[in-house]
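Okay, target-v1.cif is below, mmCIF, C-alpha atoms and all ligand atoms:
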data_final
#
loop_
_atom_site.label_atom_id
_atom_site.label_comp_id
_atom_site.auth_asym_id
_atom_site.auth_seq_id
_atom_site.Cartn_x
_atom_site.Cartn_y
_atom_site.Cartn_z
CA MET A 1 -96.22 35.33 14.28
CA SER A 2 -98.80 35.14 11.52
CA GLY A 3 -98.73 38.76 10.46
CA PHE A 4 -98.03 40.23 13.90
CA GLN A 5 -94.55 41.62 14.33
CA ILE A 6 -94.14 42.08 18.08
CA ALA A 7 -91.67 44.77 19.04
CA LYS A 8 -88.62 43.48 20.91
CA ALA A 9 -88.25 46.73 22.86
CA SER A 10 -89.48 46.90 26.45
CA ARG A 11 -91.61 49.96 25.52
CA TRP A 12 -93.90 49.52 22.55
CA VAL A 13 -97.29 50.66 21.29
CA VAL A 14 -100.17 48.47 20.19
CA ALA A 15 -101.53 50.95 17.66
CA ASP A 16 -105.18 51.14 16.59
CA ALA A 17 -106.43 48.07 18.44
CA ARG A 18 -110.14 47.38 18.71
CA VAL A 19 -111.06 46.70 22.35
CA LEU A 20 -114.43 46.17 24.00
CA GLN A 21 -115.52 48.97 26.29
CA GLY A 22 -118.97 48.19 27.63
CA ALA A 23 -121.18 47.14 24.74
CA GLU A 24 -119.09 48.92 22.09
CA PHE A 25 -115.70 48.48 20.48
CA ALA A 26 -113.31 51.37 20.93
CA ARG A 27 -110.21 51.90 18.79
CA VAL A 28 -107.28 52.61 21.05
CA ASP A 29 -103.50 52.87 21.22
CA MET A 30 -101.97 50.97 24.11
CA LEU A 31 -98.50 51.82 25.41
CA ILE A 32 -96.74 48.79 26.87
CA ASP A 33 -93.94 49.56 29.31
CA ALA A 34 -92.09 46.36 30.24
CA ASP A 35 -94.80 44.12 31.72
CA ARG A 36 -97.58 46.72 32.23
CA ILE A 37 -100.10 48.69 30.21
CA ALA A 38 -98.75 52.22 30.75
CA ALA A 39 -101.23 54.22 28.67
CA LEU A 40 -104.51 53.66 26.84
CA ALA A 41 -105.82 56.42 24.60
CA PRO A 42 -108.19 56.83 21.63
CA ALA A 43 -106.30 55.74 18.51
CA GLY A 44 -104.08 58.52 17.15
CA SER A 45 -104.85 60.94 20.00
CA GLN A 46 -101.47 60.75 21.74
CA ASP A 47 -97.96 61.14 20.41
CA PHE A 48 -95.81 58.26 21.64
CA GLY A 49 -92.78 59.56 19.72
CA GLU A 50 -90.33 57.03 18.33
CA THR A 51 -91.69 54.14 20.41
CA PRO A 52 -91.81 50.97 18.27
CA ARG A 53 -95.38 50.22 17.26
CA LEU A 54 -97.43 47.25 16.21
CA PRO A 55 -100.06 48.61 13.79
CA LEU A 56 -103.25 46.56 14.18
CA ALA A 57 -105.57 48.47 11.82
CA GLY A 58 -108.63 47.88 13.97
CA ARG A 59 -108.04 44.23 14.84
CA ILE A 60 -109.57 42.91 18.06
CA VAL A 61 -107.50 42.62 21.23
CA LEU A 62 -109.00 40.53 24.04
CA PRO A 63 -108.12 40.22 27.72
CA PRO A 64 -106.97 36.73 28.80
CA PHE A 65 -109.54 34.09 29.73
CA VAL A 66 -110.66 32.53 33.00
CA ASP A 67 -111.77 28.89 32.76
CA ALA A 68 -114.03 28.25 35.76
CA HIS A 69 -114.80 24.54 35.35
CA THR A 70 -112.38 21.89 34.07
CA HIS A 71 -111.26 18.33 34.88
CA LEU A 72 -107.48 18.33 34.51
CA ASP A 73 -107.23 14.94 36.26
CA LYS A 74 -109.42 13.23 33.64
CA GLY A 75 -108.04 15.02 30.57
CA HIS A 76 -106.63 13.13 27.59
CA ILE A 77 -107.33 9.57 28.70
CA TRP A 78 -109.54 8.99 25.65
CA ARG A 79 -107.07 6.78 23.77
CA ARG A 80 -106.95 4.16 26.54
CA ALA A 81 -110.48 4.85 27.85
CA PRO A 82 -112.82 5.77 24.98
CA ASN A 83 -116.53 6.14 25.63
CA ARG A 84 -117.85 3.32 23.42
CA ASP A 85 -121.40 4.68 23.06
CA GLY A 86 -121.19 8.32 24.19
CA GLN A 87 -123.61 7.72 27.08
CA PHE A 88 -123.32 9.49 30.44
CA ARG A 89 -123.40 6.23 32.42
CA THR A 90 -120.67 4.76 30.21
CA ALA A 91 -118.56 7.87 30.83
CA ILE A 92 -118.80 7.40 34.61
CA GLU A 93 -117.99 3.68 34.41
CA THR A 94 -115.13 4.14 31.94
CA VAL A 95 -113.48 6.88 34.00
CA ALA A 96 -113.84 4.81 37.20
CA ALA A 97 -112.05 1.86 35.59
CA ASP A 98 -109.29 4.05 34.15
CA ARG A 99 -108.83 5.85 37.47
CA ALA A 100 -108.42 2.57 39.35
CA ALA A 101 -105.96 1.22 36.80
CA HIS A 102 -103.83 4.22 35.87
CA TRP A 103 -104.14 7.38 37.95
CA SER A 104 -100.76 7.39 39.68
CA ALA A 105 -99.21 10.72 40.64
CA ALA A 106 -96.99 10.62 37.54
CA ASP A 107 -99.89 9.87 35.21
CA VAL A 108 -102.11 12.63 36.65
CA ALA A 109 -99.21 15.13 36.67
CA ALA A 110 -98.26 14.51 33.04
CA ARG A 111 -101.82 14.94 31.79
CA MET A 112 -102.36 18.05 33.92
CA GLU A 113 -99.16 19.55 32.53
CA PHE A 114 -100.36 18.85 28.99
CA SER A 115 -103.75 20.52 29.56
CA LEU A 116 -102.24 23.56 31.30
CA SER A 117 -99.75 23.99 28.45
CA CYS A 118 -102.71 24.01 26.04
CA ALA A 119 -104.65 26.53 28.15
CA TYR A 120 -101.64 28.84 28.50
CA ALA A 121 -100.87 28.78 24.77
CA ARG A 122 -104.53 29.66 24.03
CA GLY A 123 -104.54 32.70 26.34
CA THR A 124 -106.02 31.47 29.65
CA ARG A 125 -104.82 33.07 32.88
CA ALA A 126 -106.81 31.23 35.58
CA VAL A 127 -108.26 27.71 35.77
CA ARG A 128 -110.43 25.91 38.30
CA THR A 129 -110.27 22.13 38.09
CA HIS A 130 -112.35 19.50 39.82
CA LEU A 131 -110.43 16.53 41.20
CA ASP A 132 -112.06 13.11 41.51
CA SER A 133 -111.84 12.61 45.26
CA LEU A 134 -113.16 9.21 46.15
CA GLY A 135 -111.15 7.36 48.77
CA ALA A 136 -107.47 6.99 47.99
CA GLN A 137 -107.50 9.07 44.78
CA ALA A 138 -107.83 12.33 46.72
CA ARG A 139 -104.52 11.55 48.43
CA ILE A 140 -102.84 11.11 45.03
CA SER A 141 -104.39 13.98 43.07
CA PHE A 142 -104.36 16.82 45.62
CA PRO A 143 -100.57 16.75 46.23
CA VAL A 144 -100.04 16.63 42.44
CA PHE A 145 -102.37 19.60 42.06
CA ALA A 146 -100.39 21.58 44.65
CA GLN A 147 -97.15 20.88 42.76
CA MET A 148 -98.78 22.03 39.52
CA ARG A 149 -100.10 25.19 41.16
CA ALA A 150 -96.57 26.07 42.30
CA ARG A 151 -95.06 25.14 38.92
CA TRP A 152 -97.54 27.31 36.98
CA LYS A 153 -97.54 30.25 39.41
CA GLY A 154 -97.34 33.55 37.53
CA ARG A 155 -98.63 31.93 34.34
CA ILE A 156 -101.92 30.27 35.31
CA GLU A 157 -103.64 30.78 38.66
CA LEU A 158 -104.94 27.34 39.64
CA GLN A 159 -107.79 26.30 41.94
CA ALA A 160 -109.06 22.81 42.77
CA SER A 161 -112.37 21.55 44.10
CA PRO A 162 -112.86 17.96 45.30
CA LEU A 163 -115.44 15.97 43.33
CA PHE A 164 -117.50 13.04 44.58
CA GLY A 165 -121.19 12.14 44.68
CA VAL A 166 -123.30 13.33 47.62
CA ASP A 167 -124.24 9.65 48.04
CA MET A 168 -120.64 9.07 49.24
CA MET A 169 -120.67 11.93 51.76
CA PHE A 170 -121.06 9.72 54.83
CA GLU A 171 -118.78 6.86 53.73
CA PRO A 172 -116.28 6.21 56.54
CA GLY A 173 -113.39 8.66 56.29
CA GLN A 174 -114.67 10.49 53.19
CA LEU A 175 -115.33 13.94 54.69
CA GLU A 176 -112.25 13.69 56.93
CA THR A 177 -110.02 12.91 53.93
CA ILE A 178 -111.52 15.77 51.94
CA GLU A 179 -110.98 18.23 54.78
CA GLU A 180 -107.40 17.07 55.29
CA MET A 181 -106.49 17.24 51.58
CA VAL A 182 -108.15 20.61 50.97
CA ALA A 183 -106.58 22.12 54.09
CA GLU A 184 -103.12 20.84 53.14
CA TYR A 185 -103.09 21.17 49.35
CA GLY A 186 -106.35 22.77 48.18
CA SER A 187 -107.78 26.18 47.41
CA GLY A 188 -110.19 26.84 50.28
CA LEU A 189 -112.87 25.18 48.23
CA VAL A 190 -115.03 22.05 48.56
CA GLY A 191 -117.70 20.56 46.35
CA ALA A 192 -119.65 17.52 45.27
CA VAL A 193 -122.07 16.17 42.67
CA THR A 194 -125.69 16.55 43.80
CA TYR A 195 -128.30 13.87 43.15
CA MET A 196 -131.97 13.48 44.01
CA ILE A 197 -131.41 11.03 46.85
CA PRO A 198 -133.05 10.88 50.29
CA GLN A 199 -129.90 12.05 52.06
CA LEU A 200 -129.36 15.03 49.70
CA GLN A 201 -130.23 17.62 52.36
CA ASP A 202 -128.17 15.96 55.09
CA SER A 203 -125.20 15.65 52.72
CA LEU A 204 -125.44 19.27 51.65
CA ASP A 205 -125.69 20.44 55.25
CA ALA A 206 -122.59 18.42 56.13
CA LEU A 207 -120.59 20.01 53.31
CA PHE A 208 -121.90 23.51 53.99
CA ALA A 209 -121.03 23.05 57.68
CA LEU A 210 -117.47 22.05 56.77
CA ALA A 211 -117.13 25.08 54.46
CA GLU A 212 -118.53 27.41 57.13
CA ARG A 213 -116.25 26.03 59.83
CA ARG A 214 -113.18 26.47 57.60
CA GLY A 215 -114.22 29.67 55.82
CA TRP A 216 -114.16 27.85 52.45
CA ASN A 217 -116.13 28.36 49.23
CA LEU A 218 -118.33 25.78 47.47
CA ASP A 219 -118.62 24.35 43.95
CA PHE A 220 -121.26 21.84 42.86
CA HIS A 221 -122.00 19.71 39.81
CA VAL A 222 -125.77 20.10 39.62
CA ASP A 223 -128.57 18.36 37.68
CA GLU A 224 -126.49 17.26 34.68
CA THR A 225 -129.46 15.46 33.16
CA ALA A 226 -132.47 15.98 30.89
CA ASP A 227 -134.80 14.74 33.64
CA PRO A 228 -136.98 17.70 34.72
CA GLU A 229 -137.51 15.97 38.08
CA ALA A 230 -133.82 16.56 38.87
CA ARG A 231 -134.28 19.60 41.10
CA THR A 232 -131.23 19.75 43.33
CA LEU A 233 -130.40 23.30 42.16
CA GLY A 234 -133.27 24.69 44.21
CA VAL A 235 -132.14 22.65 47.23
CA VAL A 236 -128.58 24.02 47.00
CA ALA A 237 -129.98 27.57 46.78
CA GLU A 238 -132.40 27.03 49.68
CA THR A 239 -129.61 25.60 51.81
CA ALA A 240 -127.39 28.62 51.13
CA ILE A 241 -130.25 31.00 51.99
CA ARG A 242 -131.28 29.13 55.17
CA ARG A 243 -127.70 28.89 56.44
CA LYS A 244 -126.84 32.45 55.36
CA PHE A 245 -123.72 30.94 53.80
CA PRO A 246 -121.10 33.70 53.70
CA GLY A 247 -118.78 32.31 50.96
CA LYS A 248 -118.98 32.05 47.19
CA ILE A 249 -120.94 29.23 45.55
CA LEU A 250 -120.50 28.19 41.92
CA VAL A 251 -122.87 25.63 40.38
CA GLY A 252 -122.19 23.87 37.07
CA HIS A 253 -124.40 22.30 34.39
CA CYS A 254 -127.97 22.77 35.75
CA CYS A 255 -129.21 21.15 32.50
CA SER A 256 -132.59 20.04 33.83
CA LEU A 257 -133.54 23.66 34.57
CA ALA A 258 -134.11 24.08 30.81
CA ARG A 259 -136.49 21.09 30.83
CA GLN A 260 -138.79 22.28 33.61
CA ASP A 261 -142.07 24.14 33.09
CA ASP A 262 -141.91 27.92 33.09
CA ASP A 263 -143.32 28.38 36.61
CA THR A 264 -140.97 25.84 38.19
CA ARG A 265 -137.98 27.31 36.36
CA ALA A 266 -138.89 30.86 37.40
CA ARG A 267 -139.21 29.78 41.04
CA VAL A 268 -135.83 28.03 41.00
CA ILE A 269 -134.11 30.97 39.28
CA ASP A 270 -135.58 33.27 41.92
CA LYS A 271 -133.95 31.16 44.65
CA VAL A 272 -130.64 31.05 42.75
CA THR A 273 -130.68 34.85 42.53
CA GLN A 274 -131.57 35.23 46.20
CA ALA A 275 -128.81 32.83 47.24
CA GLY A 276 -126.23 34.69 45.12
CA LEU A 277 -125.10 31.55 43.28
CA SER A 278 -122.93 31.86 40.17
CA VAL A 279 -123.81 29.50 37.31
CA VAL A 280 -121.38 28.01 34.79
CA SER A 281 -122.71 26.36 31.64
CA LEU A 282 -120.58 23.76 29.87
CA PRO A 283 -122.01 23.92 26.36
CA MET A 284 -119.64 21.60 24.49
CA CYS A 285 -119.79 18.74 27.00
CA ASN A 286 -123.56 19.14 27.48
CA MET A 287 -124.25 18.95 23.76
CA PHE A 288 -122.03 15.86 23.53
CA LEU A 289 -123.64 13.89 26.38
CA GLN A 290 -127.22 15.15 26.70
CA ASP A 291 -130.07 13.78 24.55
CA ARG A 292 -127.84 11.09 23.06
CA GLN A 293 -129.65 7.89 22.16
CA PRO A 294 -128.42 5.31 19.67
CA GLY A 295 -129.99 5.77 16.23
CA ARG A 296 -131.94 8.88 17.25
CA THR A 297 -131.08 12.44 16.27
CA PRO A 298 -130.76 14.73 19.32
CA ARG A 299 -133.69 17.10 19.85
CA TRP A 300 -132.17 19.57 22.34
CA ARG A 301 -128.79 21.14 22.93
CA GLY A 302 -128.36 20.02 26.52
CA VAL A 303 -127.65 23.44 28.01
CA THR A 304 -129.21 25.24 30.98
CA ALA A 305 -131.50 28.29 30.81
CA LEU A 306 -128.52 30.65 30.79
CA HIS A 307 -130.30 33.64 29.26
CA GLU A 308 -133.08 33.49 31.87
CA LEU A 309 -130.51 33.20 34.68
CA LYS A 310 -128.57 36.19 33.35
CA ALA A 311 -131.76 38.25 32.93
CA ALA A 312 -132.54 37.56 36.60
CA GLY A 313 -129.17 39.02 37.60
CA VAL A 314 -127.28 35.75 38.19
CA ASN A 315 -123.51 35.80 37.54
CA THR A 316 -123.35 33.55 34.45
CA MET A 317 -120.41 32.12 32.51
CA ILE A 318 -119.26 29.31 30.23
CA ALA A 319 -116.26 26.99 30.60
CA SER A 320 -114.37 24.05 29.09
CA ASP A 321 -115.38 21.10 31.28
CA ASN A 322 -113.86 17.82 30.05
CA THR A 323 -111.09 17.44 27.49
CA ARG A 324 -110.62 14.27 25.44
CA ASP A 325 -112.00 11.93 28.08
CA PRO A 326 -115.13 9.73 28.26
CA PHE A 327 -117.31 12.75 29.17
CA TYR A 328 -116.24 14.73 26.11
CA ALA A 329 -114.27 13.33 23.19
CA TYR A 330 -112.83 16.65 22.04
CA GLY A 331 -111.60 19.97 23.46
CA ASP A 332 -108.28 21.76 23.82
CA MET A 333 -108.62 23.93 26.96
CA ASP A 334 -109.27 26.78 24.51
CA MET A 335 -111.69 29.36 25.91
CA LEU A 336 -111.97 31.02 22.51
CA GLU A 337 -113.34 27.71 21.20
CA VAL A 338 -115.69 27.54 24.20
CA TRP A 339 -116.86 31.11 23.47
CA ARG A 340 -117.28 30.38 19.74
CA GLU A 341 -119.22 27.18 20.42
CA GLY A 342 -121.14 28.90 23.21
CA VAL A 343 -122.26 31.55 20.73
CA ARG A 344 -123.60 28.82 18.44
CA ILE A 345 -125.08 26.46 21.04
CA LEU A 346 -126.48 29.01 23.52
CA HIS A 347 -127.12 31.92 21.13
CA LEU A 348 -124.70 34.22 22.94
CA ASP A 349 -125.11 36.86 20.26
CA TYR A 350 -127.48 39.80 19.62
CA PRO A 351 -125.54 41.50 21.07
CA PHE A 352 -122.31 39.49 21.22
CA ALA A 353 -120.74 42.01 23.59
CA ASP A 354 -123.33 41.24 26.26
CA TRP A 355 -121.69 37.86 26.76
CA ALA A 356 -118.02 38.83 26.51
CA GLY A 357 -117.86 38.80 30.31
CA ALA A 358 -118.84 35.11 30.35
CA VAL A 359 -115.27 34.02 29.52
CA ALA A 360 -113.28 36.46 31.65
CA GLU A 361 -114.87 38.93 34.09
CA ASN A 362 -117.75 36.79 35.34
CA PRO A 363 -115.71 33.64 36.03
CA ALA A 364 -113.04 35.82 37.68
CA ARG A 365 -115.71 37.09 40.07
CA ALA A 366 -116.96 33.56 40.77
CA LEU A 367 -113.43 32.30 41.44
CA GLY A 368 -112.32 35.36 43.40
CA VAL A 369 -109.34 36.02 41.11
CA ALA A 370 -108.33 39.40 39.64
CA PRO A 371 -110.54 40.24 36.65
CA PRO A 372 -108.53 40.32 33.40
CA ARG A 373 -108.85 43.90 32.15
CA LEU A 374 -107.23 46.01 29.50
CA ALA A 375 -106.57 49.11 31.60
CA VAL A 376 -103.70 51.37 32.64
CA GLY A 377 -101.60 49.79 35.36
CA GLU A 378 -102.81 46.26 34.59
CA PRO A 379 -100.37 43.54 33.46
CA ALA A 380 -99.71 43.62 29.71
CA ASP A 381 -101.65 40.37 29.27
CA PHE A 382 -103.80 40.17 26.14
CA ILE A 383 -104.65 38.24 23.00
CA LEU A 384 -104.06 39.75 19.56
CA THR A 385 -106.39 38.49 16.84
CA GLN A 386 -106.78 39.16 13.11
CA ALA A 387 -110.54 39.71 13.52
CA ARG A 388 -112.12 43.16 13.23
CA GLY A 389 -115.61 42.21 14.37
CA PHE A 390 -117.40 39.39 16.16
CA THR A 391 -118.35 37.35 13.11
CA GLU A 392 -114.73 37.46 11.93
CA LEU A 393 -113.72 36.40 15.45
CA PHE A 394 -116.14 33.45 15.61
CA SER A 395 -115.97 32.23 12.01
CA ARG A 396 -112.36 31.07 12.29
CA PRO A 397 -110.66 29.11 15.08
CA GLN A 398 -108.19 32.00 15.60
CA SER A 399 -105.28 29.59 15.35
CA ASP A 400 -103.15 32.58 14.38
CA ARG A 401 -103.86 34.52 17.59
CA VAL A 402 -100.85 35.83 19.48
CA VAL A 403 -100.96 35.63 23.27
CA VAL A 404 -98.98 38.33 25.08
CA ARG A 405 -98.17 37.81 28.76
CA ASP A 406 -96.32 40.41 30.83
CA GLY A 407 -95.57 42.30 27.63
CA VAL A 408 -93.94 39.35 25.84
CA ALA A 409 -95.48 37.29 23.03
CA LEU A 410 -95.64 33.58 23.84
CA THR A 411 -93.89 31.48 21.26
CA ALA A 412 -94.38 27.91 22.55
CA PRO A 413 -97.21 26.21 20.65
CA ALA A 414 -99.73 23.91 22.32
CA PRO A 415 -97.99 20.59 23.10
CA SER A 416 -97.94 17.69 20.66
CA TYR A 417 -100.18 14.70 21.40
CA ALA A 418 -97.03 12.62 21.01
CA ASP A 419 -95.90 14.06 24.38
CA LEU A 420 -98.47 11.75 25.99
CA ASP A 421 -97.24 8.59 24.26
CA SER A 422 -94.90 7.65 27.11
CA LEU A 423 -97.84 7.32 29.52
CA GLU A 424 -99.22 3.84 29.95
CA GLY A 425 -101.95 3.09 27.44
CA LEU A 426 -101.68 6.39 25.58
CA ALA A 427 -99.31 5.43 22.75
CA PRO A 428 -100.96 5.39 19.31
ZN ZN A 501 -117.60 19.01 35.28
#

Translate the structure described by the file into structure tokens.
Amino acid sequence: MSGFQIAKASRWVVADARVLQGAEFARVDMLIDADRIAALAPAGSQDFGETPRLPLAGRIVLPPFVDAHTHLDKGHIWRRAPNRDGQFRTAIETVAADRAAHWSAADVAARMEFSLSCAYARGTRAVRTHLDSLGAQARISFPVFAQMRARWKGRIELQASPLFGVDMMFEPGQLETIEEMVAEYGSGLVGAVTYMIPQLQDSLDALFALAERRGWNLDFHVDETADPEARTLGVVAETAIRRKFPGKILVGHCCSLARQDDDTRARVIDKVTQAGLSVVSLPMCNMFLQDRQPGRTPRWRGVTALHELKAAGVNTMIASDNTRDPFYAYGDMDMLEVWREGVRILHLDYPFADWAGAVAENPARALGVAPPRLAVGEPADFILTQARGFTELFSRPQSDRVVVRDGVALTAPAPSYADLDSLEGLAP
């Protein structure tokens, strides 16, 4: 428990915890009654009698995380499918070959289970994953996803969005397969990767039309490139405005927005605001893949203009993206790592508290799941840390955090990599 002695009683008090309230930390006592937060009061202001207490002495308690953009189907294939030069194109090719050779239901299920076990142990309560959905793979991965969603119910709320390039939109059977799989196994959510191709608008309209007909939401991979001429973000926003799309739209990456001139960027951000898009930045994956050239030191960090988007009123957030696959060699489905790295890469500080919503509240809004909150009547779900301020929080990996779910401290650690050894090609 690393210094935290969690009370075994069903009623207990988290005494003198530091919790964020708006832009400030407040020191509070929290009464936990079974699986709920029963009272929340300024530290020392209420007498909870003989109730067992966990004295925190001003250590930070966080609500659980929401991870809005992941790839559970790709996760942890690195050992059998390493990216030999770290290039984006190599990542696409390497994943395609691995998918064709290995992605059976059992293989996808085992790697998903591993990633979800990591996320749960780190304090994440909801996850959206993209599922590679070209041809036959959609028929393998979506049923596996539905099994995982049922298996993890009550621990992690799971959503899935199909992923394929807009250039494949009109391949025979593609849209029909997507509609069938999402209707049967999905989350009322469709998506694609947008490219600057002649049929971009037609492809987008076809997907929007499907979402409108079914009452589904949308999620796009957008402009994941340094090329300032990649301008599909504006097209997605214009399409949503023109069609008066009634659902939620989340767009990821948007890297090229940071590379455009100020006027262009301002115009695009204006459209994004008008269209009500939410934007998720993937700082760790972007810094890994963007601006990588052999023998040349990177000159930019690969991330979108997240501060400008937030200042314009856009719902902004950060997320994990890939985990130990050809798109990102590292990662552990740990949103505290994403937040820590986000602070460094995107300057999510001054003030830190301004961005605390980017790992919980904002993604919850984008996904349409209940926002994780430390409040009376809410589930007793939270993360106890040893940190008393933001630089203590972000200077260490917080490996000694204790995740409490429904009033009980989790004891299972993140799984061992050896658990993957039985999968084909993943033994050391
Ligand atoms: Zn992604």

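With the cut-off set to 8 Å and only C-alpha atoms and all ligand atoms counted, the residues surrounding ligand ZN 501 (chain A) are His69, Thr70, His71, His130, His221, Gly252, His253, Leu282, Asp321 and Asn322 of chain A.
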
Write out as CSV the residues of stretch 274-327 of chain A that have any atom within 9 Å of an atom of stretch 78-94 of chain A, one row each with the nearest atom pair and its distance in Å to one decimal, counting only C-alpha atoms, sorted by chain and then rising number.
residue,atom,partner,partner_atom,distance
A:Phe288,CA,A:Gly86,CA,7.6
A:Leu289,CA,A:Phe88,CA,6.0
A:Gln290,CA,A:Phe88,CA,7.8
A:Arg292,CA,A:Gln87,CA,6.7
A:Gln293,CA,A:Gln87,CA,7.8
A:Pro294,CA,A:Asp85,CA,7.8
A:Thr323,CA,A:Trp78,CA,8.8
A:Arg324,CA,A:Trp78,CA,5.4
A:Asp325,CA,A:Trp78,CA,4.5
A:Pro326,CA,A:Asn83,CA,4.7
A:Phe327,CA,A:Ala91,CA,5.3

*asked:* For a quick check of understanding, using only C-alpha atoms, which of A:Val314, A:Met333, A:Val404, A:Leu54 has the smallest distance to A:Gly75?
replied: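 Once distances to A:Gly75 are computed over only C-alpha atoms, the minimum belongs to A:Met333.
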
*asked:* Using only C-alpha atoms for the distances, tell me which of A:Glu238, A:Asp262, A:Glu392, A:Asp406 is nearest to A:Asp35.
replied: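 Of all the options, A:Asp406 lies closest to A:Asp35.
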
_Among listed residues A:Thr129, A:Thr391, A:Ser203, A:Asn362, nearest A:Val343 (using only C-alpha atoms)_ =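 Counting only C-alpha atoms, the residue closest to A:Val343 is A:Thr391.
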
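Closest approach to A:Ser395 from the set A:Tyr417, A:Phe382, A:Phe25, A:Trp339 is made by A:Trp339, with distances taken over only C-alpha atoms.
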
*Please identify all polymer residues within 12 Å of A:Leu163, counting only C-alpha atoms, omitting same-chain residues fewer than 6 positions from it, and present them as a VMD selection string.*
chain A and resid 69 to 71 73 to 74 129 to 135 137 to 138 141 to 142 169 174 to 175 178 182 189 to 194 207 218 to 222

Can those selected residues be exported to a file as a tab-separated table (two decimals), in the coordinates of the input so that it contains C-alpha atoms?
chain	number	residue	atom	x	y	z
A	69	HIS	CA	-114.80	24.54	35.35
A	70	THR	CA	-112.38	21.89	34.07
A	71	HIS	CA	-111.26	18.33	34.88
A	73	ASP	CA	-107.23	14.94	36.26
A	74	LYS	CA	-109.42	13.23	33.64
A	129	THR	CA	-110.27	22.13	38.09
A	130	HIS	CA	-112.35	19.50	39.82
A	131	LEU	CA	-110.43	16.53	41.20
A	132	ASP	CA	-112.06	13.11	41.51
A	133	SER	CA	-111.84	12.61	45.26
A	134	LEU	CA	-113.16	9.21	46.15
A	135	GLY	CA	-111.15	7.36	48.77
A	137	GLN	CA	-107.50	9.07	44.78
A	138	ALA	CA	-107.83	12.33	46.72
A	141	SER	CA	-104.39	13.98	43.07
A	142	PHE	CA	-104.36	16.82	45.62
A	169	MET	CA	-120.67	11.93	51.76
A	174	GLN	CA	-114.67	10.49	53.19
A	175	LEU	CA	-115.33	13.94	54.69
A	178	ILE	CA	-111.52	15.77	51.94
A	182	VAL	CA	-108.15	20.61	50.97
A	189	LEU	CA	-112.87	25.18	48.23
A	190	VAL	CA	-115.03	22.05	48.56
A	191	GLY	CA	-117.70	20.56	46.35
A	192	ALA	CA	-119.65	17.52	45.27
A	193	VAL	CA	-122.07	16.17	42.67
A	194	THR	CA	-125.69	16.55	43.80
A	207	LEU	CA	-120.59	20.01	53.31
A	218	LEU	CA	-118.33	25.78	47.47
A	219	ASP	CA	-118.62	24.35	43.95
A	220	PHE	CA	-121.26	21.84	42.86
A	221	HIS	CA	-122.00	19.71	39.81
A	222	VAL	CA	-125.77	20.10	39.62

For A:Ser45, find every residue with an atom within 12 Å (counting only C-alpha atoms), except residues of its own chain fewer than 2 positions away, and show them as a short mmCIF file (atom, residue, chain, number, x, y, z; two decimals) with C-alpha atoms, in the coordinates of the input.
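Once written, result_16.cif looks like this:
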data_model
loop_
_atom_site.label_atom_id
_atom_site.label_comp_id
_atom_site.auth_asym_id
_atom_site.auth_seq_id
_atom_site.Cartn_x
_atom_site.Cartn_y
_atom_site.Cartn_z
CA ALA A 15 -101.53 50.95 17.66
CA ASP A 16 -105.18 51.14 16.59
CA ARG A 27 -110.21 51.90 18.79
CA VAL A 28 -107.28 52.61 21.05
CA ASP A 29 -103.50 52.87 21.22
CA MET A 30 -101.97 50.97 24.11
CA ALA A 39 -101.23 54.22 28.67
CA LEU A 40 -104.51 53.66 26.84
CA ALA A 41 -105.82 56.42 24.60
CA PRO A 42 -108.19 56.83 21.63
CA ALA A 43 -106.30 55.74 18.51
CA ASP A 47 -97.96 61.14 20.41
CA PHE A 48 -95.81 58.26 21.64
#

_Close residues, A:Ile140 itself excluded, 10 Å, only C-alpha atoms, min 6 positions apart in chain, as a PyMOL selection string_ = chain A and resi 103-106+108-109+133+181

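Proximity of A:Thr297, A:Arg405, A:Glu180, A:Asp421 to A:Pro379, computed with all atoms listed in the file, is greatest for A:Arg405.
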
*Expressed in Å to a single decimal, how great is the separation between atom CA of A:Asn315 and atom CA of A:Arg18?*
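Distance between the two atoms: 25.8 Å.
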
*Could you tell me which of A:Met287, A:Ile241, A:Val144, A:Leu158 comes closest to A:Val272 if we count all atoms listed in the file?*
A:Ile241

Taking all atoms of stretch 209-225 of chain A that appear in the file, build a box with edges along x, y and z, extend it by 3 Å on every side, and state its centre and edge lengths in Å to one decimal, as JSON.
{"center_x": -121.3, "center_y": 22.6, "center_z": 46.5, "size_x": 22.3, "size_y": 20.2, "size_z": 32.7}
